[in-house]
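**Student:** Hey, dropping coords-v1.cif in here, mmCIF, N, CA, C and O atoms:
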```
data_query
loop_
_atom_site.group_PDB
_atom_site.id
_atom_site.type_symbol
_atom_site.label_atom_id
_atom_site.label_comp_id
_atom_site.auth_asym_id
_atom_site.auth_seq_id
_atom_site.Cartn_x
_atom_site.Cartn_y
_atom_site.Cartn_z
ATOM 1 N N MET A 1 17.756 -96.401 30.828
ATOM 2 C CA MET A 1 17.733 -95.949 32.208
ATOM 3 C C MET A 1 18.187 -94.495 32.260
ATOM 4 O O MET A 1 19.234 -94.145 31.743
ATOM 5 N N SER A 2 17.418 -93.658 32.875
ATOM 6 C CA SER A 2 17.702 -92.232 32.926
ATOM 7 C C SER A 2 18.055 -91.815 34.346
ATOM 8 O O SER A 2 17.434 -92.254 35.304
ATOM 9 N N ASN A 3 19.054 -90.948 34.452
ATOM 10 C CA ASN A 3 19.440 -90.458 35.771
ATOM 11 C C ASN A 3 18.787 -89.116 36.076
ATOM 12 O O ASN A 3 19.030 -88.531 37.125
ATOM 13 N N GLY A 4 17.980 -88.585 35.144
ATOM 14 C CA GLY A 4 17.271 -87.341 35.367
ATOM 15 C C GLY A 4 18.088 -86.088 35.118
ATOM 16 O O GLY A 4 17.599 -84.992 35.308
ATOM 17 N N LEU A 5 19.340 -86.230 34.712
ATOM 18 C CA LEU A 5 20.182 -85.076 34.447
ATOM 19 C C LEU A 5 20.078 -84.674 32.992
ATOM 20 O O LEU A 5 20.000 -85.522 32.106
ATOM 21 N N LYS A 6 20.090 -83.367 32.744
ATOM 22 C CA LYS A 6 20.109 -82.889 31.368
ATOM 23 C C LYS A 6 21.499 -83.109 30.803
ATOM 24 O O LYS A 6 22.498 -82.903 31.491
ATOM 25 N N GLN A 7 21.566 -83.512 29.559
ATOM 26 C CA GLN A 7 22.859 -83.738 28.933
ATOM 27 C C GLN A 7 23.599 -82.426 28.704
ATOM 28 O O GLN A 7 24.783 -82.316 28.957
ATOM 29 N N ASP A 8 22.896 -81.427 28.206
ATOM 30 C CA ASP A 8 23.522 -80.143 27.908
ATOM 31 C C ASP A 8 22.710 -79.025 28.539
ATOM 32 O O ASP A 8 21.487 -79.016 28.467
ATOM 33 N N ILE A 9 23.406 -78.085 29.115
ATOM 34 C CA ILE A 9 22.781 -76.913 29.706
ATOM 35 C C ILE A 9 23.396 -75.702 29.026
ATOM 36 O O ILE A 9 24.614 -75.578 28.950
ATOM 37 N N SER A 10 22.557 -74.807 28.550
ATOM 38 C CA SER A 10 23.044 -73.636 27.837
ATOM 39 C C SER A 10 23.272 -72.466 28.789
ATOM 40 O O SER A 10 22.436 -72.159 29.633
ATOM 41 N N ILE A 11 24.415 -71.818 28.622
ATOM 42 C CA ILE A 11 24.702 -70.592 29.365
ATOM 43 C C ILE A 11 24.580 -69.386 28.432
ATOM 44 O O ILE A 11 25.002 -68.290 28.761
ATOM 45 N N GLY A 12 23.987 -69.613 27.280
ATOM 46 C CA GLY A 12 23.894 -68.581 26.247
ATOM 47 C C GLY A 12 23.285 -67.273 26.708
ATOM 48 O O GLY A 12 23.801 -66.198 26.410
ATOM 49 N N LYS A 13 22.167 -67.343 27.443
ATOM 50 C CA LYS A 13 21.517 -66.112 27.910
ATOM 51 C C LYS A 13 22.459 -65.321 28.806
ATOM 52 O O LYS A 13 22.508 -64.090 28.747
ATOM 53 N N ASN A 14 23.204 -66.015 29.647
ATOM 54 C CA ASN A 14 24.149 -65.336 30.531
ATOM 55 C C ASN A 14 25.308 -64.730 29.749
ATOM 56 O O ASN A 14 25.771 -63.633 30.076
ATOM 57 N N LEU A 15 25.771 -65.423 28.710
ATOM 58 C CA LEU A 15 26.845 -64.875 27.886
ATOM 59 C C LEU A 15 26.405 -63.561 27.246
ATOM 60 O O LEU A 15 27.151 -62.579 27.243
ATOM 61 N N LYS A 16 25.200 -63.563 26.725
ATOM 62 C CA LYS A 16 24.672 -62.358 26.077
ATOM 63 C C LYS A 16 24.508 -61.225 27.093
ATOM 64 O O LYS A 16 24.889 -60.080 26.832
ATOM 65 N N ARG A 17 23.947 -61.547 28.255
ATOM 66 C CA ARG A 17 23.739 -60.539 29.299
ATOM 67 C C ARG A 17 25.064 -59.918 29.737
ATOM 68 O O ARG A 17 25.197 -58.690 29.833
ATOM 69 N N LEU A 18 26.074 -60.745 29.958
ATOM 70 C CA LEU A 18 27.374 -60.245 30.415
ATOM 71 C C LEU A 18 28.064 -59.405 29.342
ATOM 72 O O LEU A 18 28.686 -58.387 29.644
ATOM 73 N N ARG A 19 27.920 -59.817 28.086
ATOM 74 C CA ARG A 19 28.509 -59.037 26.989
ATOM 75 C C ARG A 19 27.865 -57.662 26.923
ATOM 76 O O ARG A 19 28.541 -56.637 26.814
ATOM 77 N N LYS A 20 26.537 -57.636 27.011
ATOM 78 C CA LYS A 20 25.822 -56.359 26.951
ATOM 79 C C LYS A 20 26.151 -55.482 28.158
ATOM 80 O O LYS A 20 26.287 -54.266 28.023
ATOM 81 N N GLN A 21 26.295 -56.093 29.335
ATOM 82 C CA GLN A 21 26.673 -55.324 30.526
ATOM 83 C C GLN A 21 28.050 -54.696 30.347
ATOM 84 O O GLN A 21 28.319 -53.626 30.881
ATOM 85 N N ALA A 22 28.907 -55.374 29.583
ATOM 86 C CA ALA A 22 30.243 -54.843 29.310
ATOM 87 C C ALA A 22 30.205 -53.763 28.236
ATOM 88 O O ALA A 22 31.225 -53.127 27.949
ATOM 89 N N GLY A 23 29.038 -53.561 27.618
ATOM 90 C CA GLY A 23 28.879 -52.525 26.602
ATOM 91 C C GLY A 23 29.504 -52.884 25.268
ATOM 92 O O GLY A 23 29.927 -51.999 24.521
ATOM 93 N N LEU A 24 29.534 -54.186 24.958
ATOM 94 C CA LEU A 24 30.169 -54.652 23.724
ATOM 95 C C LEU A 24 29.154 -55.252 22.764
ATOM 96 O O LEU A 24 28.207 -55.914 23.187
ATOM 97 N N THR A 25 29.391 -55.037 21.478
ATOM 98 C CA THR A 25 28.625 -55.738 20.452
ATOM 99 C C THR A 25 29.294 -57.095 20.237
ATOM 100 O O THR A 25 30.417 -57.330 20.697
ATOM 101 N N GLN A 26 28.630 -57.966 19.513
ATOM 102 C CA GLN A 26 29.238 -59.261 19.192
ATOM 103 C C GLN A 26 30.499 -59.061 18.355
ATOM 104 O O GLN A 26 31.492 -59.765 18.564
ATOM 105 N N ASP A 27 30.474 -58.106 17.447
ATOM 106 C CA ASP A 27 31.655 -57.830 16.624
ATOM 107 C C ASP A 27 32.828 -57.358 17.479
ATOM 108 O O ASP A 27 33.959 -57.801 17.290
ATOM 109 N N GLU A 28 32.549 -56.476 18.441
ATOM 110 C CA GLU A 28 33.618 -55.960 19.304
ATOM 111 C C GLU A 28 34.192 -57.056 20.205
ATOM 112 O O GLU A 28 35.411 -57.160 20.362
ATOM 113 N N ALA A 29 33.306 -57.870 20.775
ATOM 114 C CA ALA A 29 33.766 -58.946 21.654
ATOM 115 C C ALA A 29 34.588 -59.969 20.879
ATOM 116 O O ALA A 29 35.660 -60.392 21.330
ATOM 117 N N SER A 30 34.117 -60.351 19.701
ATOM 118 C CA SER A 30 34.851 -61.343 18.909
ATOM 119 C C SER A 30 36.183 -60.775 18.422
ATOM 120 O O SER A 30 37.187 -61.493 18.364
ATOM 121 N N ALA A 31 36.227 -59.474 18.119
ATOM 122 C CA ALA A 31 37.490 -58.845 17.704
ATOM 123 C C ALA A 31 38.509 -58.891 18.835
ATOM 124 O O ALA A 31 39.699 -59.162 18.599
ATOM 125 N N GLN A 32 38.050 -58.662 20.063
ATOM 126 C CA GLN A 32 38.971 -58.734 21.204
ATOM 127 C C GLN A 32 39.484 -60.153 21.417
ATOM 128 O O GLN A 32 40.642 -60.355 21.782
ATOM 129 N N MET A 33 38.640 -61.142 21.169
ATOM 130 C CA MET A 33 39.078 -62.540 21.294
ATOM 131 C C MET A 33 40.095 -62.877 20.207
ATOM 132 O O MET A 33 41.068 -63.588 20.468
ATOM 133 N N GLU A 34 39.870 -62.360 19.015
ATOM 134 C CA GLU A 34 40.815 -62.573 17.916
ATOM 135 C C GLU A 34 42.189 -62.015 18.285
ATOM 136 O O GLU A 34 43.214 -62.649 18.044
ATOM 137 N N VAL A 35 42.213 -60.828 18.900
ATOM 138 C CA VAL A 35 43.465 -60.208 19.331
ATOM 139 C C VAL A 35 44.168 -61.090 20.361
ATOM 140 O O VAL A 35 45.393 -61.151 20.410
ATOM 141 N N MET A 36 43.381 -61.804 21.162
ATOM 142 C CA MET A 36 43.930 -62.700 22.181
ATOM 143 C C MET A 36 44.358 -64.041 21.577
ATOM 144 O O MET A 36 44.793 -64.930 22.291
ATOM 145 N N GLY A 37 44.200 -64.182 20.270
ATOM 146 C CA GLY A 37 44.610 -65.411 19.597
ATOM 147 C C GLY A 37 43.547 -66.487 19.530
ATOM 148 O O GLY A 37 43.842 -67.644 19.241
ATOM 149 N N LEU A 38 42.301 -66.110 19.791
ATOM 150 C CA LEU A 38 41.193 -67.067 19.739
ATOM 151 C C LEU A 38 40.365 -66.818 18.484
ATOM 152 O O LEU A 38 39.802 -65.742 18.321
ATOM 153 N N PRO A 39 40.296 -67.795 17.600
ATOM 154 C CA PRO A 39 39.606 -67.605 16.317
ATOM 155 C C PRO A 39 38.083 -67.671 16.440
ATOM 156 O O PRO A 39 37.449 -68.646 16.073
ATOM 157 N N ILE A 40 37.509 -66.616 16.984
ATOM 158 C CA ILE A 40 36.053 -66.542 17.156
ATOM 159 C C ILE A 40 35.537 -65.342 16.380
ATOM 160 O O ILE A 40 36.040 -64.230 16.540
ATOM 161 N N ASN A 41 34.532 -65.572 15.540
ATOM 162 C CA ASN A 41 33.919 -64.442 14.841
ATOM 163 C C ASN A 41 32.542 -64.178 15.439
ATOM 164 O O ASN A 41 32.060 -64.935 16.292
ATOM 165 N N ALA A 42 31.917 -63.109 15.018
ATOM 166 C CA ALA A 42 30.629 -62.713 15.578
ATOM 167 C C ALA A 42 29.555 -63.772 15.352
ATOM 168 O O ALA A 42 28.672 -63.951 16.191
ATOM 169 N N ASP A 43 29.617 -64.493 14.241
ATOM 170 C CA ASP A 43 28.626 -65.540 13.965
ATOM 171 C C ASP A 43 28.723 -66.666 14.990
ATOM 172 O O ASP A 43 27.704 -67.165 15.471
ATOM 173 N N ILE A 44 29.944 -67.076 15.315
ATOM 174 C CA ILE A 44 30.131 -68.133 16.305
ATOM 175 C C ILE A 44 29.685 -67.644 17.679
ATOM 176 O O ILE A 44 29.023 -68.369 18.424
ATOM 177 N N LEU A 45 30.030 -66.409 18.011
ATOM 178 C CA LEU A 45 29.616 -65.838 19.286
ATOM 179 C C LEU A 45 28.092 -65.804 19.386
ATOM 180 O O LEU A 45 27.518 -66.134 20.426
ATOM 181 N N ALA A 46 27.427 -65.436 18.305
ATOM 182 C CA ALA A 46 25.956 -65.420 18.289
ATOM 183 C C ALA A 46 25.404 -66.818 18.549
ATOM 184 O O ALA A 46 24.443 -66.989 19.317
ATOM 185 N N LYS A 47 26.008 -67.833 17.946
ATOM 186 C CA LYS A 47 25.556 -69.214 18.158
ATOM 187 C C LYS A 47 25.777 -69.645 19.602
ATOM 188 O O LYS A 47 24.951 -70.365 20.172
ATOM 189 N N MET A 48 26.876 -69.208 20.215
ATOM 190 C CA MET A 48 27.118 -69.511 21.630
ATOM 191 C C MET A 48 26.017 -68.898 22.486
ATOM 192 O O MET A 48 25.518 -69.538 23.414
ATOM 193 N N GLU A 49 25.660 -67.664 22.185
ATOM 194 C CA GLU A 49 24.632 -66.961 22.952
ATOM 195 C C GLU A 49 23.245 -67.565 22.738
ATOM 196 O O GLU A 49 22.370 -67.422 23.581
ATOM 197 N N GLN A 50 23.050 -68.255 21.631
ATOM 198 C CA GLN A 50 21.777 -68.927 21.349
ATOM 199 C C GLN A 50 21.768 -70.361 21.878
ATOM 200 O O GLN A 50 20.762 -71.061 21.789
ATOM 201 N N GLY A 51 22.906 -70.811 22.418
ATOM 202 C CA GLY A 51 23.001 -72.175 22.923
ATOM 203 C C GLY A 51 23.155 -73.211 21.836
ATOM 204 O O GLY A 51 22.909 -74.397 22.054
ATOM 205 N N ARG A 52 23.592 -72.784 20.649
ATOM 206 C CA ARG A 52 23.732 -73.697 19.511
ATOM 207 C C ARG A 52 25.188 -74.048 19.212
ATOM 208 O O ARG A 52 25.468 -74.710 18.215
ATOM 209 N N TYR A 53 26.108 -73.601 20.061
ATOM 210 C CA TYR A 53 27.537 -73.834 19.829
ATOM 211 C C TYR A 53 28.201 -73.983 21.185
ATOM 212 O O TYR A 53 28.010 -73.149 22.071
ATOM 213 N N SER A 54 28.965 -75.027 21.362
ATOM 214 C CA SER A 54 29.620 -75.279 22.650
ATOM 215 C C SER A 54 30.694 -74.234 22.938
ATOM 216 O O SER A 54 31.420 -73.814 22.046
ATOM 217 N N VAL A 55 30.769 -73.859 24.203
ATOM 218 C CA VAL A 55 31.736 -72.857 24.642
ATOM 219 C C VAL A 55 32.959 -73.573 25.203
ATOM 220 O O VAL A 55 32.851 -74.323 26.176
ATOM 221 N N ARG A 56 34.111 -73.347 24.586
ATOM 222 C CA ARG A 56 35.359 -73.941 25.074
ATOM 223 C C ARG A 56 35.827 -73.184 26.316
ATOM 224 O O ARG A 56 35.524 -72.003 26.499
ATOM 225 N N ILE A 57 36.573 -73.867 27.145
ATOM 226 C CA ILE A 57 37.100 -73.259 28.370
ATOM 227 C C ILE A 57 37.966 -72.046 28.036
ATOM 228 O O ILE A 57 37.882 -71.017 28.710
ATOM 229 N N SER A 58 38.770 -72.123 26.990
ATOM 230 C CA SER A 58 39.625 -70.985 26.618
ATOM 231 C C SER A 58 38.787 -69.759 26.264
ATOM 232 O O SER A 58 39.160 -68.624 26.590
ATOM 233 N N ILE A 59 37.634 -69.969 25.653
ATOM 234 C CA ILE A 59 36.740 -68.865 25.309
ATOM 235 C C ILE A 59 36.101 -68.298 26.578
ATOM 236 O O ILE A 59 35.996 -67.082 26.741
ATOM 237 N N LEU A 60 35.706 -69.167 27.483
ATOM 238 C CA LEU A 60 35.121 -68.713 28.740
ATOM 239 C C LEU A 60 36.124 -67.887 29.542
ATOM 240 O O LEU A 60 35.772 -66.851 30.113
ATOM 241 N N LEU A 61 37.366 -68.307 29.552
ATOM 242 C CA LEU A 61 38.413 -67.540 30.232
ATOM 243 C C LEU A 61 38.574 -66.157 29.602
ATOM 244 O O LEU A 61 38.707 -65.153 30.303
ATOM 245 N N ALA A 62 38.559 -66.113 28.265
ATOM 246 C CA ALA A 62 38.681 -64.831 27.559
ATOM 247 C C ALA A 62 37.483 -63.939 27.845
ATOM 248 O O ALA A 62 37.635 -62.737 28.074
ATOM 249 N N MET A 63 36.290 -64.521 27.843
ATOM 250 C CA MET A 63 35.080 -63.741 28.121
ATOM 251 C C MET A 63 35.136 -63.157 29.529
ATOM 252 O O MET A 63 34.732 -62.011 29.737
ATOM 253 N N LYS A 64 35.600 -63.927 30.476
ATOM 254 C CA LYS A 64 35.705 -63.437 31.855
ATOM 255 C C LYS A 64 36.573 -62.182 31.897
ATOM 256 O O LYS A 64 36.239 -61.202 32.557
ATOM 257 N N ARG A 65 37.634 -62.211 31.146
ATOM 258 C CA ARG A 65 38.558 -61.074 31.105
ATOM 259 C C ARG A 65 37.971 -59.891 30.321
ATOM 260 O O ARG A 65 37.972 -58.758 30.790
ATOM 261 N N ILE A 66 37.458 -60.170 29.133
ATOM 262 C CA ILE A 66 36.929 -59.118 28.254
ATOM 263 C C ILE A 66 35.688 -58.458 28.855
ATOM 264 O O ILE A 66 35.531 -57.243 28.795
ATOM 265 N N TYR A 67 34.808 -59.270 29.440
ATOM 266 C CA TYR A 67 33.560 -58.748 29.994
ATOM 267 C C TYR A 67 33.749 -58.217 31.421
ATOM 268 O O TYR A 67 32.807 -57.738 32.022
ATOM 269 N N LYS A 68 34.970 -58.355 31.940
ATOM 270 C CA LYS A 68 35.291 -57.884 33.308
ATOM 271 C C LYS A 68 34.365 -58.517 34.351
ATOM 272 O O LYS A 68 33.780 -57.836 35.200
ATOM 273 N N VAL A 69 34.251 -59.840 34.263
ATOM 274 C CA VAL A 69 33.416 -60.609 35.177
ATOM 275 C C VAL A 69 34.261 -61.007 36.389
ATOM 276 O O VAL A 69 35.387 -61.489 36.227
ATOM 277 N N ASP A 70 33.731 -60.790 37.579
ATOM 278 C CA ASP A 70 34.468 -61.094 38.801
ATOM 279 C C ASP A 70 34.582 -62.588 39.079
ATOM 280 O O ASP A 70 35.605 -63.071 39.538
ATOM 281 N N SER A 71 33.520 -63.315 38.818
ATOM 282 C CA SER A 71 33.474 -64.731 39.169
ATOM 283 C C SER A 71 32.879 -65.553 38.019
ATOM 284 O O SER A 71 31.978 -65.094 37.320
ATOM 285 N N PHE A 72 33.371 -66.770 37.864
ATOM 286 C CA PHE A 72 32.799 -67.663 36.864
ATOM 287 C C PHE A 72 31.345 -67.993 37.212
ATOM 288 O O PHE A 72 30.576 -68.391 36.340
ATOM 289 N N ASP A 73 30.972 -67.822 38.465
ATOM 290 C CA ASP A 73 29.582 -68.069 38.869
ATOM 291 C C ASP A 73 28.608 -67.234 38.045
ATOM 292 O O ASP A 73 27.474 -67.657 37.803
ATOM 293 N N ASP A 74 29.033 -66.044 37.612
ATOM 294 C CA ASP A 74 28.158 -65.179 36.827
ATOM 295 C C ASP A 74 27.733 -65.826 35.505
ATOM 296 O O ASP A 74 26.651 -65.537 34.991
ATOM 297 N N PHE A 75 28.558 -66.712 34.974
ATOM 298 C CA PHE A 75 28.209 -67.396 33.730
ATOM 299 C C PHE A 75 27.113 -68.441 33.961
ATOM 300 O O PHE A 75 26.449 -68.848 33.018
ATOM 301 N N PHE A 76 26.967 -68.873 35.197
ATOM 302 C CA PHE A 76 26.058 -69.983 35.505
ATOM 303 C C PHE A 76 24.850 -69.559 36.355
ATOM 304 O O PHE A 76 24.172 -70.399 36.930
ATOM 305 N N THR A 77 24.577 -68.272 36.400
ATOM 306 C CA THR A 77 23.432 -67.751 37.146
ATOM 307 C C THR A 77 22.136 -68.365 36.626
ATOM 308 O O THR A 77 21.935 -68.476 35.421
ATOM 309 N N ASP A 78 21.269 -68.788 37.543
ATOM 310 C CA ASP A 78 19.942 -69.345 37.233
ATOM 311 C C ASP A 78 19.980 -70.654 36.445
ATOM 312 O O ASP A 78 19.034 -70.973 35.732
ATOM 313 N N ILE A 79 21.046 -71.389 36.566
ATOM 314 C CA ILE A 79 21.122 -72.688 35.891
ATOM 315 C C ILE A 79 20.985 -73.791 36.934
ATOM 316 O O ILE A 79 21.518 -73.731 37.973
#
```
Translate the structure of the given file into structure tokens.

**Tutor:**
Amino acid sequence: MSNGLKQDISIGKNLKRLRKQAGLTQDEASAQMEVMGLPINADILAKMEQGRYSVRISILLAMKRIYKVDSFDDFFTDI
């Protein structure tokens, strides 16, 4: 029995767009997360942006700060 809901929805395109709007490379963004105590490298960040790696809430909070995003709604645009 299906309820018609997708199990997983990727915000990867939005993550990439917001990072680029912030003028950061994947290496720069992941380095800033490392400084914040979050063990994320550029490879993991790339997988998040491709929708192949789940984004933890702690990472989303860090991205909001690093990318200077005003609202969490920006992560979910067009979803």

**Student:** What does the distance from CA of Val69 in chain A to CA of Arg19 in chain A come to in Å, to one decimal?

**Tutor:**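 Interatomic distance here is 9.7 Å.
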
**Student:** Enumerate as a ChimeraX atom specification all residues of range 8-62 of chain A assigned to helix (DSSP H, G or I) by DSSP on the backbone, naming them with the chain letters and numbers the document uses.

**Tutor:** /A:12-21,26-35,42-49,57-62

**Student:** Quick one: apply the PyMOL selection byres ((chain A and resi 29) around 8) to the file and drop the selected residues here as an mmCIF file with N, CA, C and O atoms, in the frame of the given file.

**Tutor:**
```cif
data_model
loop_
_atom_site.group_PDB
_atom_site.id
_atom_site.type_symbol
_atom_site.label_atom_id
_atom_site.label_comp_id
_atom_site.auth_asym_id
_atom_site.auth_seq_id
_atom_site.Cartn_x
_atom_site.Cartn_y
_atom_site.Cartn_z
ATOM 1 N N ARG A 19 27.920 -59.817 28.086
ATOM 2 C CA ARG A 19 28.509 -59.037 26.989
ATOM 3 C C ARG A 19 27.865 -57.662 26.923
ATOM 4 O O ARG A 19 28.541 -56.637 26.814
ATOM 5 N N GLY A 23 29.038 -53.561 27.618
ATOM 6 C CA GLY A 23 28.879 -52.525 26.602
ATOM 7 C C GLY A 23 29.504 -52.884 25.268
ATOM 8 O O GLY A 23 29.927 -51.999 24.521
ATOM 9 N N LEU A 24 29.534 -54.186 24.958
ATOM 10 C CA LEU A 24 30.169 -54.652 23.724
ATOM 11 C C LEU A 24 29.154 -55.252 22.764
ATOM 12 O O LEU A 24 28.207 -55.914 23.187
ATOM 13 N N THR A 25 29.391 -55.037 21.478
ATOM 14 C CA THR A 25 28.625 -55.738 20.452
ATOM 15 C C THR A 25 29.294 -57.095 20.237
ATOM 16 O O THR A 25 30.417 -57.330 20.697
ATOM 17 N N GLN A 26 28.630 -57.966 19.513
ATOM 18 C CA GLN A 26 29.238 -59.261 19.192
ATOM 19 C C GLN A 26 30.499 -59.061 18.355
ATOM 20 O O GLN A 26 31.492 -59.765 18.564
ATOM 21 N N ASP A 27 30.474 -58.106 17.447
ATOM 22 C CA ASP A 27 31.655 -57.830 16.624
ATOM 23 C C ASP A 27 32.828 -57.358 17.479
ATOM 24 O O ASP A 27 33.959 -57.801 17.290
ATOM 25 N N GLU A 28 32.549 -56.476 18.441
ATOM 26 C CA GLU A 28 33.618 -55.960 19.304
ATOM 27 C C GLU A 28 34.192 -57.056 20.205
ATOM 28 O O GLU A 28 35.411 -57.160 20.362
ATOM 29 N N SER A 30 34.117 -60.351 19.701
ATOM 30 C CA SER A 30 34.851 -61.343 18.909
ATOM 31 C C SER A 30 36.183 -60.775 18.422
ATOM 32 O O SER A 30 37.187 -61.493 18.364
ATOM 33 N N ALA A 31 36.227 -59.474 18.119
ATOM 34 C CA ALA A 31 37.490 -58.845 17.704
ATOM 35 C C ALA A 31 38.509 -58.891 18.835
ATOM 36 O O ALA A 31 39.699 -59.162 18.599
ATOM 37 N N GLN A 32 38.050 -58.662 20.063
ATOM 38 C CA GLN A 32 38.971 -58.734 21.204
ATOM 39 C C GLN A 32 39.484 -60.153 21.417
ATOM 40 O O GLN A 32 40.642 -60.355 21.782
ATOM 41 N N MET A 33 38.640 -61.142 21.169
ATOM 42 C CA MET A 33 39.078 -62.540 21.294
ATOM 43 C C MET A 33 40.095 -62.877 20.207
ATOM 44 O O MET A 33 41.068 -63.588 20.468
ATOM 45 N N GLU A 34 39.870 -62.360 19.015
ATOM 46 C CA GLU A 34 40.815 -62.573 17.916
ATOM 47 C C GLU A 34 42.189 -62.015 18.285
ATOM 48 O O GLU A 34 43.214 -62.649 18.044
ATOM 49 N N VAL A 35 42.213 -60.828 18.900
ATOM 50 C CA VAL A 35 43.465 -60.208 19.331
ATOM 51 C C VAL A 35 44.168 -61.090 20.361
ATOM 52 O O VAL A 35 45.393 -61.151 20.410
ATOM 53 N N MET A 36 43.381 -61.804 21.162
ATOM 54 C CA MET A 36 43.930 -62.700 22.181
ATOM 55 C C MET A 36 44.358 -64.041 21.577
ATOM 56 O O MET A 36 44.793 -64.930 22.291
ATOM 57 N N LEU A 38 42.301 -66.110 19.791
ATOM 58 C CA LEU A 38 41.193 -67.067 19.739
ATOM 59 C C LEU A 38 40.365 -66.818 18.484
ATOM 60 O O LEU A 38 39.802 -65.742 18.321
ATOM 61 N N ILE A 40 37.509 -66.616 16.984
ATOM 62 C CA ILE A 40 36.053 -66.542 17.156
ATOM 63 C C ILE A 40 35.537 -65.342 16.380
ATOM 64 O O ILE A 40 36.040 -64.230 16.540
ATOM 65 N N ASN A 41 34.532 -65.572 15.540
ATOM 66 C CA ASN A 41 33.919 -64.442 14.841
ATOM 67 C C ASN A 41 32.542 -64.178 15.439
ATOM 68 O O ASN A 41 32.060 -64.935 16.292
ATOM 69 N N ALA A 42 31.917 -63.109 15.018
ATOM 70 C CA ALA A 42 30.629 -62.713 15.578
ATOM 71 C C ALA A 42 29.555 -63.772 15.352
ATOM 72 O O ALA A 42 28.672 -63.951 16.191
ATOM 73 N N LEU A 45 30.030 -66.409 18.011
ATOM 74 C CA LEU A 45 29.616 -65.838 19.286
ATOM 75 C C LEU A 45 28.092 -65.804 19.386
ATOM 76 O O LEU A 45 27.518 -66.134 20.426
ATOM 77 N N ALA A 62 38.559 -66.113 28.265
ATOM 78 C CA ALA A 62 38.681 -64.831 27.559
ATOM 79 C C ALA A 62 37.483 -63.939 27.845
ATOM 80 O O ALA A 62 37.635 -62.737 28.074
ATOM 81 N N MET A 63 36.290 -64.521 27.843
ATOM 82 C CA MET A 63 35.080 -63.741 28.121
ATOM 83 C C MET A 63 35.136 -63.157 29.529
ATOM 84 O O MET A 63 34.732 -62.011 29.737
ATOM 85 N N ILE A 66 37.458 -60.170 29.133
ATOM 86 C CA ILE A 66 36.929 -59.118 28.254
ATOM 87 C C ILE A 66 35.688 -58.458 28.855
ATOM 88 O O ILE A 66 35.531 -57.243 28.795
ATOM 89 N N TYR A 67 34.808 -59.270 29.440
ATOM 90 C CA TYR A 67 33.560 -58.748 29.994
ATOM 91 C C TYR A 67 33.749 -58.217 31.421
ATOM 92 O O TYR A 67 32.807 -57.738 32.022
#
```

**Student:** Can you spell out as number ranges by chain the set of residues that the PyMOL selection byres ((chain A and resi 50) around 8) selects in the structure I just provided?

**Tutor:** A: 10-13, 16, 43-49, 51-53

**Student:** Between atom N of Ile59 in chain A and CA of Gly37 in chain A, what is the spacing in Å?

**Tutor:**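 It comes out at 10.3 Å.
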
**Student:** For CA of Asp70 in chain A and CA of Pro39 in chain A, determine how far apart the two atoms are, in Å to one decimal place.

**Tutor:** 24.0 Å

**Student:** Can you sort out the box for range 16-27 of chain A, edges along x, y and z, all listed atoms in, 5 Å on every side, with centre and edge lengths in Å to one decimal, as lines of an AutoDock Vina configuration file?

**Tutor:**
```
center_x = 28.8
center_y = -57.8
center_z = 23.8
size_x = 20.2
size_y = 21.6
size_z = 24.3
```

**Student:** Go through A:Phe76, A:Lys68, A:Leu60, A:Ser54 one by one, measure the shortest atom-to-atom distance of each to Lys20 in chain A using only C-alpha atoms, and give the residue with the smallest value.

**Tutor:**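 Going through A:Phe76, A:Lys68, A:Leu60, A:Ser54 one by one, the smallest distance to Lys20 in chain A is for A:Lys68.
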